[in-house]
$ cat input.csv   # CSV, C-alpha atoms
chain,number,residue,atom,x,y,z
A,259,MET,CA,78.8,106.4,100.0
A,260,LYS,CA,77.5,109.7,98.7
A,261,ALA,CA,77.8,112.8,100.9
A,262,PRO,CA,74.5,114.1,102.3
A,263,THR,CA,72.9,116.9,100.3
A,264,PRO,CA,72.8,120.4,102.0
A,265,THR,CA,69.0,120.0,102.5
A,266,VAL,CA,69.5,116.7,104.3
A,267,THR,CA,72.4,118.0,106.3
A,268,SER,CA,70.4,121.0,107.5
A,269,MET,CA,67.6,118.7,108.6
A,270,ILE,CA,69.8,116.4,110.7
A,271,LEU,CA,72.0,119.1,112.2
A,272,PRO,CA,69.5,119.8,115.0
A,273,ILE,CA,69.7,116.1,115.9
A,274,SER,CA,73.5,116.3,115.9
A,275,TRP,CA,73.3,119.3,118.2
A,276,LEU,CA,71.0,117.4,120.7
A,277,TYR,CA,73.3,114.3,120.5
A,278,GLY,CA,76.3,116.5,121.2
A,279,LEU,CA,74.5,118.1,124.1
A,280,GLY,CA,73.9,114.7,125.7
A,281,VAL,CA,77.5,113.6,125.3
A,282,ARG,CA,78.8,116.9,126.7
A,283,ALA,CA,76.5,116.5,129.7
A,284,ARG,CA,77.9,113.0,130.3
A,285,ASN,CA,81.5,114.2,130.1
A,286,VAL,CA,80.7,117.0,132.6
A,287,LEU,CA,79.3,114.4,135.0
A,288,PHE,CA,82.7,112.5,134.8
A,289,LYS,CA,84.6,115.8,135.2
A,290,TRP,CA,82.7,116.7,138.3
A,291,GLY,CA,83.0,113.2,139.7
A,292,ILE,CA,79.3,112.4,139.7
A,293,LEU,CA,80.1,109.5,137.4
A,294,GLN,CA,83.2,107.8,138.7
A,295,GLU,CA,86.3,106.8,136.7
A,296,GLN,CA,88.3,103.9,138.1
A,297,GLU,CA,92.1,103.7,138.0
A,298,PHE,CA,94.0,100.4,138.2
A,299,PRO,CA,97.4,99.6,139.7
A,300,LEU,CA,98.9,98.4,136.4
A,301,PRO,CA,99.5,100.0,133.0
A,302,VAL,CA,96.3,100.4,131.0
A,303,ILE,CA,96.6,101.8,127.5
A,304,CYS,CA,93.5,102.9,125.6
A,305,ILE,CA,93.5,103.0,121.8
A,306,GLY,CA,90.5,104.8,120.5
A,307,ASN,CA,89.0,107.6,118.4
A,308,LEU,CA,86.4,110.3,118.4
A,309,THR,CA,84.8,109.1,115.2
A,310,VAL,CA,82.9,106.0,114.1
A,311,GLY,CA,85.2,103.4,112.6
A,312,GLY,CA,87.9,103.4,110.0
A,313,THR,CA,90.9,105.0,111.9
A,314,GLY,CA,92.9,101.8,112.2
A,315,LYS,CA,92.5,100.9,115.9
A,316,THR,CA,93.2,97.1,115.5
A,317,PRO,CA,96.4,97.5,113.4
A,318,HIS,CA,97.7,100.1,115.9
A,319,THR,CA,96.9,97.7,118.8
A,320,GLU,CA,98.9,95.0,117.0
A,321,TYR,CA,101.7,97.5,116.6
A,322,LEU,CA,101.8,97.9,120.4
A,323,ILE,CA,101.6,94.1,120.9
A,324,ARG,CA,104.8,93.7,118.8
A,325,LEU,CA,106.5,96.7,120.5
A,326,LEU,CA,105.8,95.2,124.0
A,327,GLU,CA,106.9,91.7,123.2
A,328,GLY,CA,108.3,90.1,126.3
A,329,HIS,CA,105.7,91.5,128.6
A,330,ARG,CA,102.5,89.7,129.7
A,331,ILE,CA,100.0,91.5,127.5
A,332,ALA,CA,96.3,91.3,127.7
A,333,VAL,CA,94.0,92.9,125.1
A,334,LEU,CA,90.5,93.8,126.3
A,335,SER,CA,87.7,94.6,123.8
A,336,ARG,CA,84.0,95.0,123.9
A,337,GLY,CA,83.8,92.4,121.1
A,338,TYR,CA,81.7,94.3,118.7
A,339,GLY,CA,79.3,92.1,116.7
A,340,ARG,CA,79.6,89.0,118.8
A,341,LYS,CA,76.6,86.9,119.6
A,342,THR,CA,77.6,86.5,123.3
A,343,ARG,CA,77.6,88.8,126.3
A,344,GLY,CA,79.7,89.3,129.4
A,345,TYR,CA,83.3,88.4,130.0
A,346,MET,CA,85.0,85.8,127.8
A,347,LEU,CA,88.6,84.7,127.4
A,348,ALA,CA,89.7,83.7,123.9
A,349,ASP,CA,90.8,80.1,123.6
A,350,ALA,CA,91.1,77.3,121.0
A,351,GLN,CA,87.3,77.1,120.6
A,352,SER,CA,86.8,80.8,120.1
A,353,THR,CA,85.3,82.1,116.9
A,354,ALA,CA,84.4,85.6,115.5
A,355,GLU,CA,80.8,84.9,116.5
A,356,LEU,CA,81.8,84.2,120.1
A,357,ILE,CA,84.3,87.1,120.7
A,358,GLY,CA,84.0,89.4,117.7
A,359,ASP,CA,86.0,89.6,114.5
A,360,GLU,CA,88.7,92.0,115.6
A,361,PRO,CA,89.5,90.2,119.0
A,362,TYR,CA,89.5,86.9,117.1
A,363,GLN,CA,91.9,88.3,114.5
A,364,ILE,CA,94.3,89.4,117.2
A,365,HIS,CA,93.9,86.0,119.0
A,366,GLN,CA,94.8,84.2,115.8
A,367,LYS,CA,97.8,86.4,115.0
A,368,PHE,CA,99.2,86.5,118.6
A,369,PRO,CA,98.5,83.2,120.3
A,370,GLY,CA,101.0,84.0,123.1
A,371,ILE,CA,99.0,86.9,124.5
A,372,THR,CA,95.7,87.0,126.4
A,373,VAL,CA,92.6,88.3,124.5
A,374,ALA,CA,89.4,88.9,126.4
A,375,VAL,CA,86.1,90.6,125.7
A,376,ASP,CA,83.7,92.3,128.1
A,377,GLU,CA,81.3,95.2,127.4
A,378,ASN,CA,81.9,96.3,131.0
A,379,ARG,CA,85.6,97.2,130.8
A,380,VAL,CA,85.9,97.8,134.6
A,381,GLU,CA,84.8,94.2,135.3
A,382,GLY,CA,86.9,92.9,132.5
A,383,ILE,CA,90.1,94.5,133.9
A,384,GLN,CA,89.3,93.2,137.4
A,385,LYS,CA,88.9,89.6,136.1
A,386,LEU,CA,92.0,89.8,134.0
A,387,MET,CA,94.0,91.0,137.1
A,388,THR,CA,92.6,88.1,139.1
A,389,GLU,CA,92.9,85.4,136.5
A,390,ILE,CA,95.9,86.4,134.4
A,391,ASN,CA,97.8,89.1,136.3
A,392,PRO,CA,99.1,90.8,133.1
A,393,ASP,CA,101.9,93.4,132.9
A,394,VAL,CA,99.9,95.7,130.7
A,395,ILE,CA,96.3,95.8,129.4
A,396,LEU,CA,95.5,97.3,126.0
A,397,LEU,CA,92.0,98.6,125.6
A,398,ASP,CA,90.8,98.4,122.0
A,399,ASP,CA,88.2,101.0,121.2
A,400,ALA,CA,87.5,102.3,124.7
A,401,TYR,CA,88.1,106.1,124.4
A,402,GLN,CA,84.4,106.8,125.2
A,403,HIS,CA,84.3,104.1,128.0
A,404,ARG,CA,84.9,106.8,130.7
A,405,TYR,CA,84.4,104.4,133.6
A,406,VAL,CA,88.0,103.3,133.1
A,407,LYS,CA,90.7,105.9,133.7
A,408,ALA,CA,93.4,104.6,131.4
A,409,GLY,CA,97.0,105.6,132.3
A,410,LEU,CA,97.7,106.4,128.7
A,411,ASN,CA,95.2,107.4,126.1
A,412,ILE,CA,96.1,107.1,122.4
A,413,LEU,CA,93.6,108.9,120.1
A,414,LEU,CA,93.6,108.1,116.4
A,415,THR,CA,92.3,110.2,113.6
A,416,ASP,CA,92.3,109.3,109.9
A,417,TYR,CA,94.4,111.7,107.7
A,418,ASN,CA,91.7,111.5,105.1
A,419,ARG,CA,88.8,112.3,107.5
A,420,LEU,CA,90.4,114.4,110.3
A,421,MET,CA,88.4,114.8,113.4
A,422,THR,CA,89.0,118.6,113.3
A,423,ARG,CA,87.1,118.8,110.0
A,424,ASP,CA,84.1,116.7,111.2
A,425,CYS,CA,80.9,117.2,113.1
A,426,MET,CA,78.7,115.2,115.4
A,427,LEU,CA,76.6,112.2,114.5
A,428,PRO,CA,74.4,111.8,112.6
A,429,ALA,CA,75.4,114.8,110.4
A,430,GLY,CA,79.0,113.8,110.7
A,431,ARG,CA,81.0,110.9,112.2
A,432,LEU,CA,82.0,112.3,115.6
A,433,ARG,CA,80.9,110.2,118.6
A,434,GLU,CA,81.7,113.1,120.9
A,435,PRO,CA,82.6,116.8,120.6
A,436,LEU,CA,86.1,117.7,119.4
A,437,SER,CA,86.9,118.9,122.9
A,438,GLY,CA,87.1,115.2,123.8
A,439,LYS,CA,90.6,115.2,122.3
A,440,GLU,CA,91.8,117.0,125.4
A,441,ARG,CA,91.8,113.6,127.3
A,442,ALA,CA,94.4,112.2,124.9
A,443,ASP,CA,98.1,111.8,125.8
A,444,ILE,CA,99.0,110.9,122.3
A,445,ILE,CA,97.2,112.0,119.1
A,446,LEU,CA,98.1,109.8,116.1
A,447,ILE,CA,97.2,110.8,112.6
A,448,THR,CA,96.8,107.6,110.7
A,449,LYS,CA,96.8,106.5,107.0
A,450,CYS,CA,99.1,109.4,106.1
A,451,PRO,CA,100.7,109.8,102.7
A,452,GLU,CA,104.3,111.1,102.5
A,453,LEU,CA,104.2,114.5,104.3
A,454,SER,CA,106.6,117.4,104.1
A,455,GLU,CA,107.8,119.2,107.2
A,456,THR,CA,105.5,122.1,106.3
A,457,GLU,CA,102.5,119.8,106.1
A,458,CYS,CA,103.4,118.3,109.5
A,459,ARG,CA,103.6,121.7,111.1
A,460,SER,CA,100.3,122.7,109.6
A,461,LEU,CA,98.6,119.5,110.9
A,462,ARG,CA,100.2,120.1,114.3
A,463,GLU,CA,98.6,123.6,114.4
A,464,GLU,CA,95.3,122.2,113.3
A,465,MET,CA,95.2,119.6,116.1
A,466,GLY,CA,95.6,122.4,118.7
A,467,LEU,CA,97.7,120.3,121.1
A,468,ASN,CA,98.2,121.3,124.7
A,469,GLU,CA,101.7,121.2,126.3
A,470,ASN,CA,101.3,117.7,127.6
A,471,GLN,CA,100.2,116.1,124.4
A,472,HIS,CA,102.3,114.4,121.7
A,473,LEU,CA,101.5,114.2,118.0
A,474,PHE,CA,102.7,111.4,115.7
A,475,PHE,CA,102.0,110.2,112.2
A,476,SER,CA,101.6,106.7,110.8
A,477,ARG,CA,101.1,105.1,107.5
A,478,THR,CA,99.5,101.9,106.4
A,479,GLU,CA,101.6,99.1,104.8
A,480,TYR,CA,100.1,96.0,103.1
A,481,GLY,CA,101.7,92.6,103.1
A,482,LYS,CA,101.6,89.9,100.5
A,483,PRO,CA,98.4,87.8,100.1
A,484,ALA,CA,98.0,85.1,102.6
A,485,PRO,CA,95.7,82.0,102.4
A,486,VAL,CA,92.6,82.3,104.6
A,487,PHE,CA,92.4,78.5,104.9
A,488,PRO,CA,95.5,76.3,105.4
A,489,GLU,CA,94.7,74.0,102.4
A,490,THR,CA,95.0,77.0,100.0
A,491,GLU,CA,98.3,77.4,98.1
A,492,THR,CA,100.4,80.5,98.7
A,493,ILE,CA,100.6,83.2,96.0
A,494,SER,CA,102.6,86.3,95.5
A,495,TRP,CA,101.7,89.8,94.1
A,496,GLU,CA,103.8,89.0,91.1
A,497,GLU,CA,101.6,85.9,90.3
A,498,LEU,CA,98.5,88.1,90.7
A,499,LYS,CA,99.7,90.8,88.4
A,500,ASP,CA,97.6,91.2,85.3
A,501,SER,CA,95.0,88.7,86.6
A,502,GLN,CA,91.4,89.5,87.7
A,503,ALA,CA,90.3,89.4,91.3
A,504,LEU,CA,87.3,90.2,93.4
A,505,LEU,CA,87.9,92.2,96.6
A,506,VAL,CA,85.3,91.3,99.3
A,507,ALA,CA,85.4,93.9,102.0
A,508,GLY,CA,83.2,94.5,105.0
A,509,ILE,CA,85.2,97.3,106.6
A,510,ALA,CA,84.5,101.0,107.2
A,511,ASN,CA,86.6,102.2,104.2
A,512,PRO,CA,87.9,99.7,101.6
A,513,THR,CA,89.0,102.4,99.1
A,514,PRO,CA,92.7,102.5,100.2
A,515,LEU,CA,93.0,98.7,100.0
A,516,TYR,CA,91.3,98.7,96.6
A,517,LYS,CA,93.8,101.3,95.3
A,518,GLU,CA,96.7,99.4,96.7
A,519,ILE,CA,95.6,96.2,94.9
A,520,GLU,CA,95.2,98.2,91.7
A,521,LYS,CA,98.8,99.5,92.1
A,522,LYS,CA,100.0,95.9,92.2
A,523,GLY,CA,98.7,95.5,88.6
A,524,VAL,CA,95.6,93.4,89.6
A,525,LYS,CA,92.4,94.0,87.7
A,526,VAL,CA,90.2,94.2,90.8
A,527,CYS,CA,86.4,94.5,91.3
A,528,LEU,CA,85.0,95.5,94.7
A,529,GLN,CA,82.2,93.7,96.5
A,530,GLU,CA,81.5,96.0,99.4
A,531,PHE,CA,79.6,95.1,102.6
A,532,ARG,CA,78.9,97.1,105.8
A,533,ASP,CA,81.5,97.1,108.5
A,534,HIS,CA,81.6,93.9,110.6
A,535,HIS,CA,79.2,92.2,108.2
A,536,THR,CA,78.3,88.6,108.9
A,537,PHE,CA,78.2,86.7,105.6
A,538,SER,CA,75.2,84.4,104.9
A,539,GLU,CA,75.4,81.2,102.9
A,540,SER,CA,73.4,82.9,100.0
A,541,GLU,CA,76.0,85.8,100.0
A,542,LEU,CA,78.8,83.2,99.8
A,543,LYS,CA,77.1,81.8,96.7
A,544,LYS,CA,76.8,85.3,95.2
A,545,ILE,CA,80.4,85.9,95.9
A,546,GLU,CA,81.3,82.7,94.1
A,547,GLN,CA,79.2,83.6,91.1
A,548,LYS,CA,80.6,87.2,90.9
A,549,SER,CA,84.2,86.0,91.2
A,550,GLN,CA,83.7,83.9,88.0
A,551,GLY,CA,86.5,81.6,89.0
A,552,HIS,CA,89.1,84.4,89.6
A,553,PHE,CA,91.0,85.1,92.8
A,554,ILE,CA,89.1,86.4,95.8
A,555,LEU,CA,90.9,88.9,98.1
A,556,THR,CA,89.6,90.1,101.4
A,557,THR,CA,90.7,91.8,104.6
A,558,GLU,CA,92.0,90.2,107.8
A,559,LYS,CA,88.9,91.2,109.6
A,560,ASP,CA,86.6,89.7,107.0
A,561,ALA,CA,88.8,86.6,107.0
A,562,ALA,CA,88.2,86.2,110.7
A,563,ARG,CA,84.5,86.0,110.1
A,564,LEU,CA,84.8,83.8,107.1
A,565,LYS,CA,86.8,81.1,108.9
A,566,GLY,CA,83.8,80.2,111.0
A,567,LEU,CA,81.5,79.7,108.0
A,568,PRO,CA,80.8,76.8,105.7
A,569,VAL,CA,82.8,78.2,102.9
A,570,PRO,CA,82.6,76.0,99.8
A,571,PRO,CA,85.9,74.3,98.7
A,572,SER,CA,85.7,76.1,95.4
A,573,LEU,CA,86.0,79.4,97.3
A,574,LYS,CA,88.5,78.3,99.8
A,575,GLU,CA,91.1,77.5,97.1
A,576,ARG,CA,90.9,81.0,95.7
A,577,LEU,CA,90.5,83.1,98.9
A,578,TYR,CA,93.4,85.3,100.2
A,579,GLN,CA,93.6,87.9,102.9
A,580,ILE,CA,95.7,91.0,102.7
A,581,PRO,CA,97.6,91.7,106.0
A,582,ILE,CA,97.8,95.3,107.2
A,583,HIS,CA,100.6,96.8,109.3
A,584,VAL,CA,101.2,100.3,110.5
A,585,ALA,CA,104.4,102.2,110.6
A,586,VAL,CA,105.0,105.3,112.7
A,587,TYR,CA,106.9,107.9,110.7
A,588,SER,CA,110.6,107.1,111.1
A,589,ASP,CA,111.7,110.6,112.2
A,590,ARG,CA,109.8,110.2,115.5
A,591,LYS,CA,109.2,106.5,115.7
A,592,GLU,CA,111.7,106.0,118.5
A,593,ASP,CA,110.1,108.8,120.5
A,594,PHE,CA,106.7,107.1,120.2
A,595,ASN,CA,108.1,103.7,121.1
A,596,GLN,CA,109.9,105.1,124.1
A,597,ILE,CA,106.8,106.8,125.5
A,598,ILE,CA,105.0,103.5,125.4
A,599,ILE,CA,107.8,101.5,126.9
A,600,ASN,CA,108.5,104.0,129.6
A,601,PHE,CA,104.9,104.1,130.6
A,602,VAL,CA,104.6,100.3,130.8
A,603,GLU,CA,107.9,99.8,132.7
A,604,ASN,CA,107.6,102.7,135.1
A,605,LYS,CA,103.9,102.5,136.0

$ encode --input "input.csv" --output "structure tokens"
Amino acid sequence: MKAPTPTVTSMILPISWLYGLGVRARNVLFKWGILQEQEFPLPVICIGNLTVGGTGKTPHTEYLIRLLEGHRIAVLSRGYGRKTRGYMLADAQSTAELIGDEPYQIHQKFPGITVAVDENRVEGIQKLMTEINPDVILLDDAYQHRYVKAGLNILLTDYNRLMTRDCMLPAGRLREPLSGKERADIILITKCPELSETECRSLREEMGLNENQHLFFSRTEYGKPAPVFPETETISWEELKDSQALLVAGIANPTPLYKEIEKKGVKVCLQEFRDHHTFSESELKKIEQKSQGHFILTTEKDAARLKGLPVPPSLKERLYQIPIHVAVYSDRKEDFNQIIINFVENK
């Protein structure tokens, strides 16, 4: 997507200022107690950001799920893009249309945990406590949902689009002013390349942490291609090398994945859609035509939506998803893990 021209930016900056004024007023109402935050008697961890999309909330939520294995975990999300409303528990009949693509993805990957959706997070937590009684609740993308006072707030910012170098919507990508980072207990800079100690120190200074905040860095790791449908044969990166493939991606920023596939020696072409895009039958036909019989690669989030669609057999047999994992930088990984574990076990 092209950056806005200076003329366009100058025209929308006043709108950004007005939007920011409204968000600041809302935050002040919470600060003064006019709007009420509700605490809960169990560990609640919020994973969120100040910007719109693309910081890696779902992979980091999955990291916490793996870290807290052995605890009764519940993940609560709004369920963005679903065609339902209200509180729903994920079950065997759930689809991306019913609960949203990211909750469905988590439900598929971690069948042993509870996944629920509710746009009203307070009511969602109350119902989870009554019905499930979890040890810990992970709130996916709820940093701006101020009616819940999470016990631990993890704020993500993309290394390639740091929140400190951004401005308010619609001129930039910030959902709320940068001052909102003060509510975070942990700030995690995601999608990092290899960083020197000097670069880490510089980023720490740029984040402007207070004495109670922790800063960590994480990177994205990609797994081997996995069949989207069970009838599809498995394949390795080595088998894909020097072959042609179409990358179908409806995520906020597909560029890192595209570059990773290129690095594997695959001649890849990108078919990009908007984030959380719901594919139509006509689009599936266009994808089939554009792929020209070659392999089709996609993201886990797109795969979650595709599983509920009438995908032609000729596409199914060539359709693979690329798993994403995150890794906290090893020099402070144990510190990060211990903060999370101590919070859950000592709450």

$ closest_atom_pairs --input "input.csv" --of "range 507-576 of chain A" --to "range 407-426 of chain A" --cutoff "12 Å" --atoms "only C-alpha atoms" --output "Markdown table"
| residue | atom | partner | partner_atom | distance |
| --- | --- | --- | --- | --- |
| A:Ala510 | CA | A:Asp416 | CA | 11.7 |
| A:Asn511 | CA | A:Asn418 | CA | 10.6 |
| A:Thr513 | CA | A:Asn418 | CA | 11.2 |
| A:Pro514 | CA | A:Asn418 | CA | 10.3 |

$ write_last_selection --input "input.csv" --atoms "C-alpha atoms" --output "short mmCIF file (atom, residue, chain, number, x, y, z; two decimals), in the frame of the given file"
data_model
loop_
_atom_site.label_atom_id
_atom_site.label_comp_id
_atom_site.auth_asym_id
_atom_site.auth_seq_id
_atom_site.Cartn_x
_atom_site.Cartn_y
_atom_site.Cartn_z
CA ALA A 510 84.50 101.00 107.20
CA ASN A 511 86.60 102.20 104.20
CA THR A 513 89.00 102.40 99.10
CA PRO A 514 92.70 102.50 100.20
#

$ closest_residue --input "input.csv" --among "A:Ile545, A:Cys304, A:Ile273, A:Ile445" --to "Phe531 in chain A" --atoms "only C-alpha atoms"
A:Ile545

$ residues_around --input "input.csv" --residues "Leu293 in chain A" --least-positions-apart "6" --cutoff "9 Å" --atoms "all atoms listed in the file" --output "VMD selection string"
chain A and resid 284 to 287 404 to 405

$ atom_distance --input "input.csv" --atom1 "CA of Leu504 in chain A" --atom2 "CA of Thr316 in chain A"
23.9 Å

$ closest_atom_pairs --input "input.csv" --of "range 295-410 of chain A" --to "range 558-569 of chain A" --cutoff "7 Å" --atoms "all atoms listed in the file" --output "Markdown table"
| residue | atom | partner | partner_atom | distance |
| --- | --- | --- | --- | --- |
| A:Thr353 | CA | A:Gly566 | CA | 6.4 |
| A:Ala354 | CA | A:Arg563 | CA | 5.4 |
| A:Asp359 | CA | A:Ala562 | CA | 5.6 |
| A:Glu360 | CA | A:Lys559 | CA | 6.1 |
| A:Tyr362 | CA | A:Ala562 | CA | 6.6 |
| A:Gln363 | CA | A:Ala562 | CA | 5.7 |

$ write_last_selection --input "input.csv" --atoms "C-alpha atoms" --output "PDB file, in the coordinates of the input"
ATOM      1  CA  THR A 353      85.300  82.100 116.900  1.00  0.00           C
ATOM      2  CA  ALA A 354      84.400  85.600 115.500  1.00  0.00           C
ATOM      3  CA  ASP A 359      86.000  89.600 114.500  1.00  0.00           C
ATOM      4  CA  GLU A 360      88.700  92.000 115.600  1.00  0.00           C
ATOM      5  CA  TYR A 362      89.500  86.900 117.100  1.00  0.00           C
ATOM      6  CA  GLN A 363      91.900  88.300 114.500  1.00  0.00           C
TER       7      GLN A 363
END

$ closest_residue --input "input.csv" --among "A:Gly328, A:Pro488, A:Pro301, A:Pro571" --to "Leu396 in chain A" --atoms "only C-alpha atoms"
A:Pro301

$ atom_distance --input "input.csv" --atom1 "CA of Leu542 in chain A" --atom2 "CA of Thr478 in chain A"
28.7 Å

$ atom_distance --input "input.csv" --atom1 "CA of Pro361 in chain A" --atom2 "CA of Pro570 in chain A"
24.9 Å

$ closest_residue --input "input.csv" --among "A:Thr309, A:Gln351, A:Thr557, A:Ser476" --to "Tyr401 in chain A" --atoms "all atoms listed in the file"
A:Thr309

$ residues_around --input "input.csv" --residues "Lys517 in chain A" --least-positions-apart "5" --cutoff "12 Å" --atoms "all atoms listed in the file" --output "list in words"
Tyr480, Leu505, Asn511, Pro512, Lys522, Gly523, Val524, Lys525, Val526, Cys527 and Leu528 of chain A

$ residues_around --input "input.csv" --residues "Thr342 in chain A" --least-positions-apart "2" --cutoff "10 Å" --atoms "all atoms listed in the file" --output "JSON, numbers by chain"
{"A": [337, 338, 339, 340, 344, 345, 346, 355, 356, 357, 358, 375, 376]}

$ residues_around --input "input.csv" --residues "Thr490 in chain A" --least-positions-apart "6" --cutoff "12 Å" --atoms "all atoms listed in the file" --output "JSON, numbers by chain"
{"A": [483, 484, 553, 554, 571, 572, 573, 574, 575, 576, 577, 578, 579]}

$ closest_residue --input "input.csv" --among "A:Asp393, A:Glu546, A:Glu455, A:Glu440" --to "Leu300 in chain A" --atoms "all atoms listed in the file"
A:Asp393

$ residues_around --input "input.csv" --residues "Ser274 in chain A" --least-positions-apart "2" --cutoff "9 Å" --atoms "all atoms listed in the file" --output "tab-separated table (two decimals) with C-alpha atoms, in the coordinates of the input"
chain	number	residue	atom	x	y	z
A	270	ILE	CA	69.80	116.40	110.70
A	271	LEU	CA	72.00	119.10	112.20
A	272	PRO	CA	69.50	119.80	115.00
A	276	LEU	CA	71.00	117.40	120.70
A	277	TYR	CA	73.30	114.30	120.50
A	278	GLY	CA	76.30	116.50	121.20
A	279	LEU	CA	74.50	118.10	124.10
A	425	CYS	CA	80.90	117.20	113.10
A	426	MET	CA	78.70	115.20	115.40
A	427	LEU	CA	76.60	112.20	114.50
A	428	PRO	CA	74.40	111.80	112.60
A	429	ALA	CA	75.40	114.80	110.40
A	430	GLY	CA	79.00	113.80	110.70

$ residues_near_point --input "input.csv" --point "(108.7, 101.2, 130.6)" --cutoff "12 Å" --atoms "only C-alpha atoms" --output "MDAnalysis selection string"
chainID A and resid 300:301 325:326 328:329 393:394 595:605

$ closest_residue --input "input.csv" --among "A:Asn307, A:Thr536, A:Gln502, A:Asn391" --to "His552 in chain A" --atoms "only C-alpha atoms"
A:Gln502

$ closest_residue --input "input.csv" --among "A:Lys449, A:Lys521, A:Lys544, A:His534" --to "Gly314 in chain A" --atoms "all atoms listed in the file"
A:Lys449
